[in-house]
$ cat data.txt   # compact mmCIF, C-alpha atoms and all ligand atoms
# COMPACT_ATOMS: atom_id res chain seq x y z
CA MET A 284 93.44 120.76 96.91
CA LYS A 285 92.07 117.24 97.18
CA VAL A 286 91.57 115.78 100.65
CA GLU A 287 90.66 112.09 100.54
CA PHE A 288 87.94 110.89 102.89
CA TYR A 289 90.21 108.16 104.19
CA LYS A 290 93.72 106.76 103.81
CA HIS A 291 94.71 103.45 105.35
CA ASN A 292 97.86 102.88 107.37
CA VAL A 293 99.25 99.73 105.76
CA SER A 294 103.03 100.17 106.20
CA GLU A 295 106.13 98.56 104.67
CA GLU A 296 106.29 96.41 107.79
CA ASP A 297 102.74 95.17 107.16
CA LYS A 298 103.61 94.36 103.54
CA MET A 299 106.71 92.42 104.66
CA GLU A 300 104.65 90.42 107.15
CA CYS A 301 102.14 89.69 104.41
CA ARG A 302 104.94 88.67 102.08
CA LYS A 303 106.12 86.12 104.67
CA VAL A 304 102.67 84.56 104.70
CA LEU A 305 102.53 84.52 100.89
CA ASP A 306 105.88 82.69 100.85
CA SER A 307 104.60 80.14 103.38
CA LEU A 308 102.33 77.10 103.00
CA PHE A 309 99.27 78.37 104.86
CA LEU A 310 97.46 81.27 103.28
CA THR A 311 94.34 80.58 105.30
CA THR A 312 93.65 80.25 109.04
CA GLY A 313 96.80 79.24 110.93
CA GLU A 314 99.62 80.61 113.06
CA MET A 315 99.36 84.23 111.96
CA VAL A 316 95.66 84.35 112.80
CA LYS A 317 96.42 82.84 116.20
CA GLN A 318 99.12 85.43 116.82
CA PHE A 319 96.78 88.28 115.91
CA GLU A 320 93.99 86.87 118.08
CA GLU A 321 96.29 86.67 121.11
CA GLN A 322 97.58 90.18 120.49
CA LEU A 323 94.05 91.61 120.16
CA ALA A 324 92.87 89.88 123.34
CA ARG A 325 95.91 91.23 125.22
CA TYR A 326 95.37 94.77 123.91
CA LEU A 327 91.70 94.74 124.94
CA GLY A 328 92.27 93.00 128.27
CA VAL A 329 89.96 90.09 127.47
CA GLU A 330 90.49 86.34 127.57
CA HIS A 331 89.83 85.28 123.99
CA ALA A 332 89.65 86.63 120.45
CA VAL A 333 88.50 84.83 117.29
CA GLY A 334 89.29 86.13 113.77
CA VAL A 335 86.60 86.20 111.09
CA MET A 336 86.13 87.84 107.68
CA SER A 337 84.03 90.83 108.78
CA CYS A 338 82.26 92.46 111.68
CA THR A 339 78.99 91.46 110.03
CA ASP A 340 80.13 87.83 110.36
CA ALA A 341 81.16 88.50 113.96
CA LEU A 342 77.75 90.00 114.83
CA PHE A 343 75.95 87.08 113.22
CA LEU A 344 78.06 84.45 115.02
CA ALA A 345 77.72 86.32 118.32
CA LEU A 346 73.93 86.37 117.95
CA ARG A 347 73.85 82.66 117.08
CA TYR A 348 76.10 81.96 120.09
CA CYS A 349 73.60 83.81 122.29
CA GLY A 350 70.89 81.54 120.90
CA VAL A 351 69.08 84.24 118.90
CA GLY A 352 66.67 82.76 116.37
CA PRO A 353 63.24 83.21 114.78
CA GLY A 354 60.74 84.98 117.02
CA ASP A 355 63.39 86.57 119.23
CA GLN A 356 64.00 90.29 119.65
CA VAL A 357 67.30 92.13 119.93
CA ILE A 358 67.45 95.69 121.25
CA THR A 359 69.76 97.97 119.30
CA THR A 360 70.25 101.51 118.01
CA PRO A 361 68.83 102.87 114.74
CA LEU A 362 71.90 105.15 114.34
CA SER A 363 74.45 102.68 112.99
CA PHE A 364 75.60 101.06 109.81
CA ILE A 365 72.92 98.69 108.46
CA ALA A 366 75.12 95.65 109.26
CA THR A 367 74.14 95.93 112.93
CA ALA A 368 70.46 95.28 112.21
CA ASN A 369 71.03 93.03 109.21
CA ALA A 370 72.89 90.48 111.35
CA ILE A 371 69.78 90.27 113.56
CA GLU A 372 67.58 89.75 110.49
CA TYR A 373 69.89 86.93 109.27
CA CYS A 374 68.96 85.06 112.47
CA GLY A 375 65.26 85.45 111.71
CA ALA A 376 64.98 87.71 114.74
CA GLN A 377 63.60 91.25 115.01
CA PRO A 378 65.72 94.33 115.68
CA VAL A 379 63.93 96.50 118.24
CA PHE A 380 65.31 100.01 118.02
CA VAL A 381 65.77 102.31 120.99
CA ASP A 382 66.33 105.97 120.21
CA VAL A 383 69.69 107.58 120.82
CA ASP A 384 70.94 110.25 123.18
CA GLY A 385 70.79 113.45 121.14
CA ALA A 386 74.06 114.69 122.66
CA THR A 387 76.29 111.73 121.77
CA GLY A 388 74.37 109.65 119.20
CA ASN A 389 74.84 106.55 121.33
CA ILE A 390 71.89 104.38 122.43
CA ASP A 391 69.90 106.18 125.14
CA VAL A 392 70.23 103.76 128.06
CA ARG A 393 67.31 105.44 129.85
CA ARG A 394 64.97 104.08 127.17
CA ILE A 395 66.19 100.48 127.03
CA GLU A 396 64.05 98.96 129.79
CA ALA A 397 60.81 100.16 128.22
CA ALA A 398 61.69 98.20 125.07
CA ILE A 399 62.26 94.85 126.82
CA THR A 400 59.59 92.19 126.20
CA PRO A 401 59.40 88.46 126.98
CA ARG A 402 60.93 87.88 123.50
CA THR A 403 64.04 90.02 124.12
CA LYS A 404 67.25 87.96 124.18
CA VAL A 405 70.09 90.42 123.65
CA ILE A 406 70.99 94.11 123.97
CA LEU A 407 73.29 95.20 121.14
CA PRO A 408 74.83 98.65 121.68
CA VAL A 409 77.14 100.31 119.14
CA HIS A 410 80.10 102.44 120.24
CA LEU A 411 79.25 105.19 117.76
CA TYR A 412 82.02 107.17 116.05
CA GLY A 413 84.53 105.65 118.51
CA GLN A 414 82.94 106.68 121.80
CA MET A 415 81.71 103.84 123.98
CA ALA A 416 78.08 103.53 124.96
CA ASP A 417 77.35 103.56 128.70
CA MET A 418 78.26 99.90 129.20
CA LYS A 419 78.01 99.91 133.00
CA THR A 420 74.34 100.87 132.79
CA VAL A 421 73.70 98.44 129.92
CA ARG A 422 75.25 95.65 132.03
CA THR A 423 73.06 96.50 135.03
CA ILE A 424 69.93 96.42 132.86
CA ALA A 425 70.95 93.17 131.15
CA ASP A 426 71.62 91.46 134.48
CA ARG A 427 68.30 92.61 135.92
CA HIS A 428 66.46 90.99 132.99
CA ALA A 429 68.78 88.01 132.36
CA LEU A 430 69.72 89.26 128.89
CA LYS A 431 72.99 88.89 126.98
CA ILE A 432 75.00 91.82 125.61
CA ILE A 433 76.72 91.90 122.24
CA GLU A 434 78.86 95.00 121.59
CA ASP A 435 79.28 96.38 118.08
CA CYS A 436 82.85 97.70 118.41
CA ALA A 437 83.33 98.37 114.68
CA HIS A 438 84.27 102.01 115.45
CA CYS A 439 86.03 101.46 118.71
CA ILE A 440 89.12 99.39 119.41
CA GLU A 441 91.06 102.08 121.31
CA GLY A 442 88.21 103.46 123.42
CA GLU A 443 87.59 103.27 127.13
CA ARG A 444 84.82 104.53 129.42
CA ASP A 445 84.54 104.39 133.20
CA GLY A 446 87.64 102.17 133.20
CA ILE A 447 86.01 99.67 130.82
CA LYS A 448 87.29 98.80 127.34
CA PRO A 449 85.28 97.64 124.32
CA GLY A 450 84.33 93.99 124.66
CA GLN A 451 84.99 93.78 128.39
CA LEU A 452 81.48 94.07 129.80
CA GLY A 453 79.53 92.49 126.96
CA ASP A 454 79.15 88.73 126.59
CA VAL A 455 80.66 89.05 123.12
CA GLY A 456 82.36 92.00 121.38
CA CYS A 457 82.50 92.37 117.58
CA PHE A 458 85.24 94.25 115.69
CA SER A 459 85.73 95.35 112.08
CA PHE A 460 88.89 95.64 109.99
CA TYR A 461 87.01 96.81 106.90
CA ALA A 462 88.81 99.15 104.47
CA THR A 463 87.99 102.41 106.27
CA LYS A 464 88.14 101.25 109.88
CA ASN A 465 90.71 102.17 112.55
CA ILE A 466 93.00 99.32 111.49
CA THR A 467 92.32 97.41 108.29
CA CYS A 468 93.11 94.43 106.11
CA GLY A 469 90.49 95.32 103.47
CA GLU A 470 87.91 92.91 104.86
CA GLY A 471 88.19 91.36 108.29
CA GLY A 472 86.63 91.10 111.72
CA ALA A 473 86.99 89.55 115.14
CA LEU A 474 84.99 88.46 118.16
CA VAL A 475 86.11 88.67 121.75
CA ALA A 476 84.69 86.60 124.59
CA HIS A 477 85.47 85.71 128.18
CA THR A 478 85.13 81.94 128.51
CA ALA A 479 86.99 79.07 126.87
CA ASP A 480 83.61 77.54 125.94
CA ALA A 481 82.51 80.68 124.10
CA ALA A 482 85.82 80.94 122.25
CA ALA A 483 85.72 77.26 121.29
CA TRP A 484 82.16 77.51 119.98
CA LEU A 485 82.90 80.69 118.02
CA SER A 486 86.09 79.36 116.46
CA ARG A 487 84.26 76.21 115.34
CA ALA A 488 81.20 78.07 114.17
CA ARG A 489 83.39 80.22 111.89
CA LEU A 490 84.55 77.06 110.07
CA HIS A 491 81.62 74.71 109.38
CA GLY A 492 81.46 73.46 112.97
CA MET A 493 84.57 71.34 112.29
CA SER A 494 86.53 69.97 115.20
CA LYS A 495 89.91 70.70 113.55
CA ASN A 496 91.10 73.21 110.98
CA ALA A 497 93.41 72.47 108.05
CA ALA A 498 96.53 73.73 109.84
CA ASP A 499 95.82 71.40 112.79
CA ARG A 500 95.36 68.43 110.49
CA TYR A 501 98.52 69.21 108.58
CA ALA A 502 100.89 70.11 111.42
CA LYS A 503 100.19 67.06 113.57
CA LYS A 504 99.65 63.37 112.89
CA TYR A 505 96.55 63.22 110.72
CA GLU A 506 93.40 62.96 112.74
CA HIS A 507 89.94 62.82 111.23
CA TYR A 508 87.76 65.80 111.85
CA ASP A 509 84.19 65.61 112.95
CA MET A 510 81.42 68.13 112.34
CA GLU A 511 79.88 68.86 115.69
CA PHE A 512 77.17 71.27 114.59
CA LEU A 513 76.14 73.27 111.53
CA GLY A 514 78.68 76.08 111.34
CA TYR A 515 79.46 78.70 108.71
CA LYS A 516 82.42 79.78 106.55
CA MET A 517 83.78 82.96 108.04
CA ASN A 518 87.36 82.16 109.11
CA MET A 519 90.04 84.87 108.94
CA THR A 520 93.02 84.16 106.67
CA ASN A 521 96.72 84.37 107.60
CA ILE A 522 97.03 86.97 104.81
CA ALA A 523 94.54 89.27 106.54
CA ALA A 524 96.05 88.70 109.98
CA ALA A 525 99.56 89.52 108.68
CA LEU A 526 98.33 92.95 107.59
CA LEU A 527 96.89 93.65 111.04
CA VAL A 528 99.58 92.69 113.57
CA HIS A 529 101.81 95.75 113.14
CA GLN A 530 98.87 98.13 112.76
CA LEU A 531 97.61 96.88 116.10
CA GLU A 532 101.06 97.38 117.62
CA SER A 533 101.00 101.03 116.52
CA ILE A 534 97.33 101.69 117.22
CA GLU A 535 98.00 104.04 120.16
CA GLN A 536 100.44 106.17 118.12
CA LEU A 537 97.89 106.29 115.31
CA LEU A 538 95.28 107.45 117.83
CA VAL A 539 97.53 110.28 119.05
CA LYS A 540 97.52 111.69 115.52
CA LYS A 541 93.76 111.31 115.12
CA GLU A 542 93.23 112.96 118.51
CA ALA A 543 95.40 115.92 117.45
CA VAL A 544 93.38 116.36 114.23
CA SER A 545 90.11 116.13 116.19
CA GLN A 546 91.27 118.86 118.55
CA GLN A 547 92.30 121.08 115.64
CA TYR A 548 88.82 120.59 114.16
CA ASP A 549 87.18 121.32 117.54
CA THR A 550 89.11 124.56 117.82
CA GLY A 551 88.57 125.45 114.17
CA PHE A 552 84.77 125.13 114.42
CA ARG A 553 84.38 126.53 117.94
CA ASP A 554 83.35 129.99 116.81
CA ASN A 555 80.97 128.81 114.08
CA SER A 556 77.51 128.88 115.70
CA HIS A 557 76.02 126.87 112.81
CA ILE A 558 78.10 123.78 113.63
CA ALA A 559 77.37 121.40 116.50
CA ARG A 560 79.32 118.27 117.36
CA PRO A 561 78.69 115.09 119.35
CA ALA A 562 79.58 115.46 123.02
CA VAL A 563 82.42 113.46 124.53
CA VAL A 564 81.26 112.42 127.99
CA PRO A 565 83.55 112.74 131.03
CA GLY A 566 85.52 109.58 131.74
CA SER A 567 85.52 108.57 128.07
CA LYS A 568 88.58 107.87 125.89
CA HIS A 569 87.41 108.39 122.32
CA ALA A 570 88.76 106.04 119.62
CA ARG A 571 88.36 108.85 117.05
CA HIS A 572 87.02 106.73 114.21
CA LEU A 573 84.74 109.35 112.66
CA TYR A 574 84.62 113.13 113.01
CA THR A 575 81.12 114.37 112.35
CA ILE A 576 79.64 117.84 112.34
CA TRP A 577 75.95 118.55 112.76
CA VAL A 578 74.59 121.33 110.58
CA ASN A 579 71.23 122.80 109.53
CA SER A 580 69.41 119.76 108.13
CA ALA A 581 67.62 121.81 105.44
CA LYS A 582 71.08 122.71 104.09
CA ARG A 583 73.01 119.51 104.82
CA ASP A 584 73.08 118.04 101.31
CA GLU A 585 73.92 121.42 99.77
CA TYR A 586 76.84 121.84 102.22
CA MET A 587 78.05 118.34 101.54
CA HIS A 588 78.08 118.89 97.80
CA ALA A 589 79.88 122.23 98.24
CA LEU A 590 82.59 120.50 100.29
CA GLN A 591 82.90 117.84 97.60
CA GLU A 592 83.30 120.58 94.99
CA LYS A 593 86.20 121.87 97.05
CA GLY A 594 87.81 118.44 96.77
CA ILE A 595 87.00 117.22 100.28
CA GLY A 596 85.84 113.64 100.82
CA VAL A 597 82.66 113.51 102.91
CA ALA A 598 80.15 110.90 104.06
CA VAL A 599 76.95 110.56 106.10
CA ASN A 600 77.17 108.36 109.20
CA PHE A 601 74.39 107.49 109.39
CA ARG A 602 70.94 107.87 107.94
CA PRO A 603 69.00 105.81 110.50
CA ILE A 604 68.41 102.14 109.76
CA HIS A 605 64.66 102.12 110.47
CA LEU A 606 64.05 104.48 107.53
CA MET A 607 65.85 102.26 104.99
CA LYS A 608 63.27 100.84 102.57
CA TYR A 609 63.56 97.23 103.77
CA TYR A 610 63.04 98.09 107.44
CA ARG A 611 60.50 100.83 106.78
CA GLU A 612 58.30 98.47 104.82
CA LYS A 613 58.83 95.34 106.92
CA TYR A 614 58.14 97.00 110.28
CA GLN A 615 56.07 100.00 109.16
CA TYR A 616 58.40 102.69 110.41
CA ALA A 617 57.90 106.30 109.39
CA PRO A 618 59.75 109.54 109.99
CA GLY A 619 59.16 110.39 113.65
CA SER A 620 59.65 106.84 114.94
CA TYR A 621 63.04 107.68 116.49
CA PRO A 622 63.35 111.47 116.40
CA ALA A 623 66.80 111.86 118.01
CA ALA A 624 68.41 109.43 115.58
CA GLU A 625 66.58 111.08 112.67
CA ASN A 626 67.69 114.58 113.70
CA ILE A 627 71.31 113.46 113.71
CA GLY A 628 70.88 111.49 110.49
CA ASN A 629 69.47 114.57 108.76
CA ALA A 630 72.09 116.98 110.08
CA THR A 631 75.32 115.02 109.99
CA ILE A 632 78.35 115.30 107.73
CA THR A 633 81.48 113.23 108.33
CA ILE A 634 84.73 114.93 107.35
CA PRO A 635 88.17 113.33 106.85
CA LEU A 636 89.87 111.94 109.99
CA TYR A 637 92.94 109.71 109.76
CA PRO A 638 96.58 109.77 110.85
CA LYS A 639 97.96 110.62 107.41
CA LEU A 640 96.15 113.99 107.18
CA THR A 641 98.72 116.77 106.83
CA ALA A 642 98.59 120.11 108.66
CA ASP A 643 97.80 121.82 105.33
CA GLU A 644 94.94 119.45 104.65
CA VAL A 645 93.46 119.96 108.12
CA ALA A 646 93.71 123.75 107.75
CA TYR A 647 92.10 123.51 104.30
CA VAL A 648 89.19 121.41 105.62
CA ILE A 649 88.58 123.81 108.52
CA ALA A 650 88.60 126.85 106.21
CA ALA A 651 86.36 125.15 103.65
CA VAL A 652 83.80 124.00 106.24
CA ASN A 653 83.63 127.45 107.82
CA GLU A 654 83.25 129.04 104.41
CA VAL A 655 80.44 126.67 103.41
CA VAL A 656 78.47 126.32 106.66
CA THR A 657 77.11 129.82 107.18
CA ALA A 658 73.44 129.39 108.12
C1 LIG A 701 81.56 98.89 109.36
C2 LIG A 701 80.54 98.56 110.38
C3 LIG A 701 80.04 97.26 110.55
C4 LIG A 701 80.33 96.16 109.57
O1 LIG A 701 81.67 95.86 109.48
P1 LIG A 701 82.16 94.87 108.31
O2 LIG A 701 83.52 94.44 108.80
O3 LIG A 701 82.21 95.68 107.07
O4 LIG A 701 81.20 93.75 108.23
C5 LIG A 701 79.19 97.00 111.59
N1 LIG A 701 78.82 97.97 112.45
C6 LIG A 701 79.24 99.24 112.31
C7 LIG A 701 78.80 100.26 113.30
C8 LIG A 701 80.10 99.57 111.25
O5 LIG A 701 80.48 100.86 111.09
$ encode --input "data.txt" --output "structure tokens" --more "lines below"
Ligand SMILES: *Cc1c(COP(=O)(O)O)cnc(C)c1O
Amino acid sequence: MKVEFYKHNVSEEDKMECRKVLDSLFLTTGEMVKQFEEQLARYLGVEHAVGVMSCTDALFLALRYCGVGPGDQVITTPLSFIATANAIEYCGAQPVFVDVDGATGNIDVRRIEAAITPRTKVILPVHLYGQMADMKTVRTIADRHALKIIEDCAHCIEGERDGIKPGQLGDVGCFSFYATKNITCGEGGALVAHTADAAAWLSRARLHGMSKNAADRYAKKYEHYDMEFLGYKMNMTNIAAALLVHQLESIEQLLVKKEAVSQQYDTGFRDNSHIARPAVVPGSKHARHLYTIWVNSAKRDEYMHALQEKGIGVAVNFRPIHLMKYYREKYQYAPGSYPAAENIGNATITIPLYPKLTADEVAYVIAAVNEVVTA
């Protein structure tokens, strides 16, 4: 049997919506993007959303909006995709890592205050695997030190914790619609924010700092645009937005299926003492982006290859960022710098989790993992 690591959920309805855009005049930013932004903001219970081309773009724009530049520091987690830290580097600022909670893999909020210096501008938590970080505590710490919060919500659109949704407590939230994410248009991202000023700045910054976009200039009596500040080129297209609107409408049904698979996995691995899994904290609704198992780190690669041999798609999320060559050399990190993140990074295997998995495939994965992971 072959079990793909991931299958997207682009439906006939999504293709029809996309077709409508392709038959229209505006392939780039216009009505469809606006519709998706309003829908996303409504779903998340926030005031504003702004569509961009990736979550990496969103993180970069959010950092620039918060005034992050050369000499500044941003506190984040080493257990994430490299994009989280790279966006900080793009600003000329320094990522300051805080080790994770060994039970969940999320940033350990008890360690954040010790990492704050006079150069700290922003705290940037990641809602790892789909479970939200402890945002209430992060907000309390940020307020006490007059810092901004940017949330990396690339794994977590559907989540909730302590009554709070992704993007609600941060100053800016950043989302990804990359090929393997919870909903996808191949490449895409969005920011959410709470004030009209923030939304206006972000939607200009994504398009050269121009005062009007092409659709505005075309639809109404021609007005000259001005360039108010030096912006970038990161605007979402109508084509991308068309692929997302129906996926977002069905996101809760998609989550029900992912939740069912996760529970089957939980049950299937319960009696295997060689497999540990990230904890789901009480009061947390998990967005079920990634299902990871933690195994004997001396055997991890061997197990992963054995699962591949059995036709199962696997991945590692994540080997910690501080041990990537660029960061290791630039900031002189070594193994031992962030032990909890390293332990997870050395032990983790991600197995397939998506709504299209069949009962046979799930049963096959459970049997294969239990057969392989025996020490
Ligand atoms: C995928 C991912 C990103 C980057 O998203 P893109 O849309 O590919 O730029 C950022 N952070 C995390 C945690 C991710 O998993």
$ closest_residue --input "data.txt" --among "A:Ile371, A:Ala646, A:Ala617, A:Ala624" --to "Val286 in chain A" --atoms "all atoms listed in the file"
A:Ala646
$ residues_around --input "data.txt" --residues "Gly453 in chain A" --least-positions-apart "3" --cutoff "6 Å" --atoms "all atoms listed in the file" --output "PyMOL selection string"
chain A and resi 432-434+450
$ write_last_selection --input "data.txt" --atoms "C-alpha atoms" --output "mmCIF file, in the coordinates of the input"
data_model
loop_
_atom_site.group_PDB
_atom_site.id
_atom_site.type_symbol
_atom_site.label_atom_id
_atom_site.label_comp_id
_atom_site.auth_asym_id
_atom_site.auth_seq_id
_atom_site.Cartn_x
_atom_site.Cartn_y
_atom_site.Cartn_z
ATOM 1 C CA ILE A 432 75.000 91.820 125.610
ATOM 2 C CA ILE A 433 76.720 91.900 122.240
ATOM 3 C CA GLU A 434 78.860 95.000 121.590
ATOM 4 C CA GLY A 450 84.330 93.990 124.660
#
$ closest_atom_pairs --input "data.txt" --of "chain A" --to "ligand LIG 701 (chain A)" --cutoff "6 Å" --atoms "all atoms listed in the file" --output "tab-separated table"
residue	atom	partner	partner_atom	distance
A:Ser337	CA	A:LIG701	O2	3.6
A:Cys338	CA	A:LIG701	O2	3.7
A:Thr339	CA	A:LIG701	O4	3.7
A:Ser363	CA	A:LIG701	C7	5.0
A:Phe364	CA	A:LIG701	C6	4.8
A:Ala366	CA	A:LIG701	C5	4.9
A:Thr367	CA	A:LIG701	N1	5.1
A:Asp435	CA	A:LIG701	N1	5.9
A:Ala437	CA	A:LIG701	C6	4.8
A:His438	CA	A:LIG701	O5	5.9
A:Ser459	CA	A:LIG701	O2	4.1
A:Phe460	CA	A:LIG701	O2	5.6
A:Tyr461	CA	A:LIG701	O2	4.6
A:Gly471	CA	A:LIG701	O2	5.6
A:Gly472	CA	A:LIG701	O2	5.4
$ residues_around --input "data.txt" --residues "Glu287 in chain A" --least-positions-apart "3" --cutoff "7 Å" --atoms "only C-alpha atoms" --output "list in words"
Lys290, Ile595, Gly596 and Pro635 of chain A
$ atom_distance --input "data.txt" --atom1 "CA of Ile604 in chain A" --atom2 "CA of Ile358 in chain A"
13.2 Å
$ decode --input "data.txt" --residues "range 450-476 of chain A" --atoms "N, CA and C atoms" --output "PDB file, in the first residue's frame"
ATOM      1  N   GLY A 450      -4.728  34.604  16.434  1.00  0.00           N
ATOM      2  CA  GLY A 450      -4.782  35.969  15.911  1.00  0.00           C
ATOM      3  C   GLY A 450      -5.548  36.936  16.782  1.00  0.00           C
ATOM      4  N   GLN A 451      -6.260  36.433  17.791  1.00  0.00           N
ATOM      5  CA  GLN A 451      -7.098  37.346  18.581  1.00  0.00           C
ATOM      6  C   GLN A 451      -6.324  38.134  19.632  1.00  0.00           C
ATOM      7  N   LEU A 452      -5.348  37.506  20.268  1.00  0.00           N
ATOM      8  CA  LEU A 452      -4.640  38.215  21.345  1.00  0.00           C
ATOM      9  C   LEU A 452      -3.340  38.860  20.876  1.00  0.00           C
ATOM     10  N   GLY A 453      -2.820  38.429  19.755  1.00  0.00           N
ATOM     11  CA  GLY A 453      -1.599  39.032  19.229  1.00  0.00           C
ATOM     12  C   GLY A 453      -1.915  40.374  18.565  1.00  0.00           C
ATOM     13  N   ASP A 454      -0.872  41.176  18.361  1.00  0.00           N
ATOM     14  CA  ASP A 454      -1.091  42.423  17.616  1.00  0.00           C
ATOM     15  C   ASP A 454      -1.349  42.102  16.151  1.00  0.00           C
ATOM     16  N   VAL A 455      -0.620  41.096  15.644  1.00  0.00           N
ATOM     17  CA  VAL A 455      -0.821  40.642  14.269  1.00  0.00           C
ATOM     18  C   VAL A 455      -0.736  39.112  14.266  1.00  0.00           C
ATOM     19  N   GLY A 456      -1.582  38.462  13.463  1.00  0.00           N
ATOM     20  CA  GLY A 456      -1.515  37.011  13.291  1.00  0.00           C
ATOM     21  C   GLY A 456      -1.172  36.699  11.837  1.00  0.00           C
ATOM     22  N   CYS A 457      -0.358  35.648  11.627  1.00  0.00           N
ATOM     23  CA  CYS A 457       0.118  35.319  10.282  1.00  0.00           C
ATOM     24  C   CYS A 457      -0.283  33.892   9.911  1.00  0.00           C
ATOM     25  N   PHE A 458      -0.887  33.723   8.749  1.00  0.00           N
ATOM     26  CA  PHE A 458      -1.433  32.430   8.321  1.00  0.00           C
ATOM     27  C   PHE A 458      -0.786  31.974   7.017  1.00  0.00           C
ATOM     28  N   SER A 459      -0.792  30.644   6.814  1.00  0.00           N
ATOM     29  CA  SER A 459      -0.201  30.069   5.601  1.00  0.00           C
ATOM     30  C   SER A 459      -1.222  29.220   4.845  1.00  0.00           C
ATOM     31  N   PHE A 460      -1.219  29.359   3.540  1.00  0.00           N
ATOM     32  CA  PHE A 460      -2.024  28.488   2.673  1.00  0.00           C
ATOM     33  C   PHE A 460      -1.113  27.761   1.683  1.00  0.00           C
ATOM     34  N   TYR A 461       0.080  27.467   2.161  1.00  0.00           N
ATOM     35  CA  TYR A 461       1.067  26.679   1.419  1.00  0.00           C
ATOM     36  C   TYR A 461       0.503  25.280   1.120  1.00  0.00           C
ATOM     37  N   ALA A 462       1.094  24.621   0.153  1.00  0.00           N
ATOM     38  CA  ALA A 462       0.603  23.353  -0.404  1.00  0.00           C
ATOM     39  C   ALA A 462       0.182  22.281   0.600  1.00  0.00           C
ATOM     40  N   THR A 463       0.841  22.210   1.761  1.00  0.00           N
ATOM     41  CA  THR A 463       0.492  21.137   2.703  1.00  0.00           C
ATOM     42  C   THR A 463      -0.257  21.643   3.936  1.00  0.00           C
ATOM     43  N   LYS A 464      -0.683  22.882   3.912  1.00  0.00           N
ATOM     44  CA  LYS A 464      -1.311  23.430   5.120  1.00  0.00           C
ATOM     45  C   LYS A 464      -2.806  23.085   5.184  1.00  0.00           C
ATOM     46  N   ASN A 465      -3.447  23.482   6.277  1.00  0.00           N
ATOM     47  CA  ASN A 465      -4.832  23.051   6.560  1.00  0.00           C
ATOM     48  C   ASN A 465      -5.804  23.381   5.437  1.00  0.00           C
ATOM     49  N   ILE A 466      -5.709  24.579   4.879  1.00  0.00           N
ATOM     50  CA  ILE A 466      -6.364  24.880   3.599  1.00  0.00           C
ATOM     51  C   ILE A 466      -5.288  25.468   2.693  1.00  0.00           C
ATOM     52  N   THR A 467      -5.404  25.262   1.392  1.00  0.00           N
ATOM     53  CA  THR A 467      -4.282  25.642   0.530  1.00  0.00           C
ATOM     54  C   THR A 467      -4.684  26.129  -0.856  1.00  0.00           C
ATOM     55  N   CYS A 468      -3.860  27.060  -1.357  1.00  0.00           N
ATOM     56  CA  CYS A 468      -3.968  27.472  -2.758  1.00  0.00           C
ATOM     57  C   CYS A 468      -2.597  27.313  -3.422  1.00  0.00           C
ATOM     58  N   GLY A 469      -1.783  26.384  -2.913  1.00  0.00           N
ATOM     59  CA  GLY A 469      -0.423  26.213  -3.443  1.00  0.00           C
ATOM     60  C   GLY A 469       0.545  27.094  -2.689  1.00  0.00           C
ATOM     61  N   GLU A 470       0.452  28.391  -2.930  1.00  0.00           N
ATOM     62  CA  GLU A 470       1.220  29.379  -2.165  1.00  0.00           C
ATOM     63  C   GLU A 470       0.273  30.505  -1.793  1.00  0.00           C
ATOM     64  N   GLY A 471       0.226  30.846  -0.529  1.00  0.00           N
ATOM     65  CA  GLY A 471      -0.622  31.962  -0.103  1.00  0.00           C
ATOM     66  C   GLY A 471      -0.475  32.189   1.385  1.00  0.00           C
ATOM     67  N   GLY A 472      -0.896  33.369   1.825  1.00  0.00           N
ATOM     68  CA  GLY A 472      -0.826  33.683   3.254  1.00  0.00           C
ATOM     69  C   GLY A 472      -1.758  34.828   3.572  1.00  0.00           C
ATOM     70  N   ALA A 473      -1.902  35.106   4.857  1.00  0.00           N
ATOM     71  CA  ALA A 473      -2.738  36.235   5.275  1.00  0.00           C
ATOM     72  C   ALA A 473      -2.265  36.763   6.608  1.00  0.00           C
ATOM     73  N   LEU A 474      -2.587  38.050   6.844  1.00  0.00           N
ATOM     74  CA  LEU A 474      -2.362  38.656   8.155  1.00  0.00           C
ATOM     75  C   LEU A 474      -3.709  39.016   8.734  1.00  0.00           C
ATOM     76  N   VAL A 475      -3.828  38.945  10.056  1.00  0.00           N
ATOM     77  CA  VAL A 475      -5.011  39.516  10.684  1.00  0.00           C
ATOM     78  C   VAL A 475      -4.558  40.553  11.705  1.00  0.00           C
ATOM     79  N   ALA A 476      -5.395  41.586  11.859  1.00  0.00           N
ATOM     80  CA  ALA A 476      -5.069  42.673  12.782  1.00  0.00           C
ATOM     81  C   ALA A 476      -6.356  43.286  13.297  1.00  0.00           C
TER      82      ALA A 476
END
